[in-house]
Amino acid sequence: MASVQKLLHHLTLYSHRCLEDAAFWKKNPKYKFIGAPKDITTGIEMIKLKRAYEKPAKDDGERILVERLWPRGLTKEQAKIDLWLKDVAPSTELRKWFGHDPDRWVEFRQRYLEELRQNTDQIRLLKRKAKEGAITLIYAARDEEHNSALVLKQFLQRG
């Protein structure tokens with residue numbers, strides 16, 4: 001009983017946003033069995049994030065690559081990508097400007113969100129697929145806390 005109370009206490013300490021954050025799951029694997037709750041406003045099931053270099057899993061659902069460039073050194077057989085949506089990734093100009101520099105993260109997020117607002121067709125497609133079942137957004141970046149797939153996931157879940 002004490003462990004249940006402790007778990008409930010921990011859950012109250014973290015906001016819904018934190019539960020949806022991929023970094024939270026990496027740092028707190030003991031909470032993985034809970035799963036992120038269904039988004040009440042959009043009806044979208046939990047959208048997963050995974051690096052392209054991680055092994056595909058049966059529970060990935062539809063694996064969607066959300067990068068403009070194919071991940072280096074990865075074959076199509078290894079990646080097991082179901083759909084490649086190049087146009088939902090940040091523009092080449094924005095990607096090069098960001099250069100995975102954490103100091104540019106805040107501005108990168110703002111600029112990428114603006115690009116996503118303009119990309120209605122691709123966003124509609126991703127939301128539809130997420131409502132139909134589990135999807136995993138596949139990305140190539142090493143940094144799991146500062147990458148475009150994380151911004152995209154949050155954008156999709158917020159409606």
# chains A, B, ... in the order shown; residues from 1 in each chain; ligands from 1
call {"tool": "residues_around", "arguments": {"residues": "Leu65 of chain A", "least_positions_apart": "3", "cutoff": "10 Å", "atoms": "only C-alpha atoms", "output": "VMD selection string"}}
result
chain A and resid 50 to 52 62 68 to 71 79 to 86 88 to 89 136 to 140 149
call {"tool": "write_last_selection", "arguments": {"atoms": "C-alpha atoms", "output": "CSV table (one decimal), in the first residue's frame"}}
result
chain,number,residue,atom,x,y,z
A,50,LYS,CA,12.3,6.6,-31.0
A,51,ARG,CA,15.7,7.2,-32.4
A,52,ALA,CA,16.2,5.7,-35.8
A,62,GLU,CA,3.3,2.6,-37.5
A,68,ARG,CA,14.3,15.5,-44.2
A,69,LEU,CA,17.5,13.4,-44.6
A,70,TRP,CA,17.7,9.6,-44.3
A,71,PRO,CA,19.6,8.6,-41.1
A,79,ALA,CA,14.9,1.0,-40.0
A,80,LYS,CA,11.6,-0.7,-40.8
A,81,ILE,CA,10.0,2.6,-41.7
A,82,ASP,CA,6.4,2.5,-42.7
A,83,LEU,CA,6.1,6.1,-43.8
A,84,TRP,CA,8.7,8.9,-44.5
A,85,LEU,CA,7.3,12.4,-44.0
A,86,LYS,CA,10.1,14.7,-45.1
A,88,VAL,CA,6.9,17.7,-41.7
A,89,ALA,CA,10.5,18.0,-40.6
A,136,THR,CA,6.1,6.1,-33.4
A,137,LEU,CA,7.9,9.2,-34.7
A,138,ILE,CA,11.3,8.2,-35.7
A,139,TYR,CA,14.2,10.7,-35.6
A,140,ALA,CA,17.9,10.7,-36.0
A,149,ALA,CA,10.4,15.1,-33.2
call {"tool": "select_by_dssp", "arguments": {"residues": "segment 50-87 of chain A", "states": "helix (DSSP H, G or I)", "output": "short mmCIF file (atom, residue, chain, number, x, y, z; two decimals) with C-alpha atoms, in the first residue's frame"}}
result
data_model
loop_
_atom_site.label_atom_id
_atom_site.label_comp_id
_atom_site.auth_asym_id
_atom_site.auth_seq_id
_atom_site.Cartn_x
_atom_site.Cartn_y
_atom_site.Cartn_z
CA LYS A 58 6.24 -4.75 -32.08
CA ASP A 59 4.51 -2.11 -29.96
CA ASP A 60 5.87 0.76 -32.08
CA LYS A 76 15.84 0.52 -45.02
CA GLU A 77 15.69 -3.05 -43.71
CA GLN A 78 17.17 -2.02 -40.35
CA ALA A 79 14.94 1.03 -39.96
CA LYS A 86 10.13 14.66 -45.10
CA ASP A 87 7.93 17.73 -45.36
#
call {"tool": "select_by_dssp", "arguments": {"residues": "segment 49-130 of chain A", "states": "strand (DSSP E or B)", "output": "PyMOL selection string"}}
result
chain A and resi 49-51+62-65+83-84
call {"tool": "atom_distance", "arguments": {"atom1": "atom CA of Pro90 of chain A", "atom2": "atom CA of Thr75 of chain A"}}
result
22.5 Å
call {"tool": "residues_around", "arguments": {"residues": "Asp101 of chain A", "least_positions_apart": "6", "cutoff": "10 Å", "atoms": "only C-alpha atoms", "output": "ChimeraX atom specification"}}
result
/A:108,143,146-147
call {"tool": "write_last_selection", "arguments": {"atoms": "N, CA and C atoms", "output": "PDB file, in the first residue's frame"}}
result
ATOM      1  N   PHE A 108      14.508  27.828 -31.717  1.00  0.00           N
ATOM      2  CA  PHE A 108      14.229  26.769 -32.684  1.00  0.00           C
ATOM      3  C   PHE A 108      12.800  26.270 -32.521  1.00  0.00           C
ATOM      4  N   ASP A 143      20.476  13.943 -29.378  1.00  0.00           N
ATOM      5  CA  ASP A 143      19.934  14.618 -28.202  1.00  0.00           C
ATOM      6  C   ASP A 143      18.443  14.305 -28.081  1.00  0.00           C
ATOM      7  N   HIS A 146      16.343  17.723 -27.063  1.00  0.00           N
ATOM      8  CA  HIS A 146      16.345  18.899 -27.943  1.00  0.00           C
ATOM      9  C   HIS A 146      16.320  18.442 -29.391  1.00  0.00           C
ATOM     10  N   ASN A 147      15.154  17.995 -29.854  1.00  0.00           N
ATOM     11  CA  ASN A 147      15.050  17.563 -31.245  1.00  0.00           C
ATOM     12  C   ASN A 147      13.658  17.885 -31.795  1.00  0.00           C
TER      13      ASN A 147
END
call {"tool": "residues_around", "arguments": {"residues": "Ser91 of chain A", "least_positions_apart": "6", "cutoff": "12 Å", "atoms": "only C-alpha atoms", "output": "short mmCIF file (atom, residue, chain, number, x, y, z; two decimals) with C-alpha atoms, in the first residue's frame"}}
result
data_model
loop_
_atom_site.label_atom_id
_atom_site.label_comp_id
_atom_site.auth_asym_id
_atom_site.auth_seq_id
_atom_site.Cartn_x
_atom_site.Cartn_y
_atom_site.Cartn_z
CA VAL A 66 10.09 12.66 -39.51
CA GLU A 67 13.47 13.76 -40.87
CA ARG A 68 14.34 15.49 -44.15
CA LEU A 69 17.45 13.36 -44.57
CA TRP A 97 20.59 27.22 -38.31
CA PHE A 98 19.76 25.13 -35.22
CA PHE A 108 14.23 26.77 -32.68
CA ARG A 111 10.32 28.84 -35.41
CA TYR A 112 9.56 25.15 -35.96
CA LEU A 113 6.10 25.50 -34.39
CA GLU A 114 5.41 28.29 -36.88
CA GLU A 115 6.44 25.98 -39.73
CA LEU A 116 4.17 23.24 -38.36
CA GLN A 118 1.72 26.19 -41.99
CA ASN A 119 1.96 22.46 -42.77
CA SER A 148 12.32 18.34 -33.74
#
call {"tool": "closest_residue", "arguments": {"among": "A:Lys55, A:Arg109, A:Leu156, A:Pro102", "to": "Leu74 of chain A", "atoms": "only C-alpha atoms"}}
result
A:Lys55
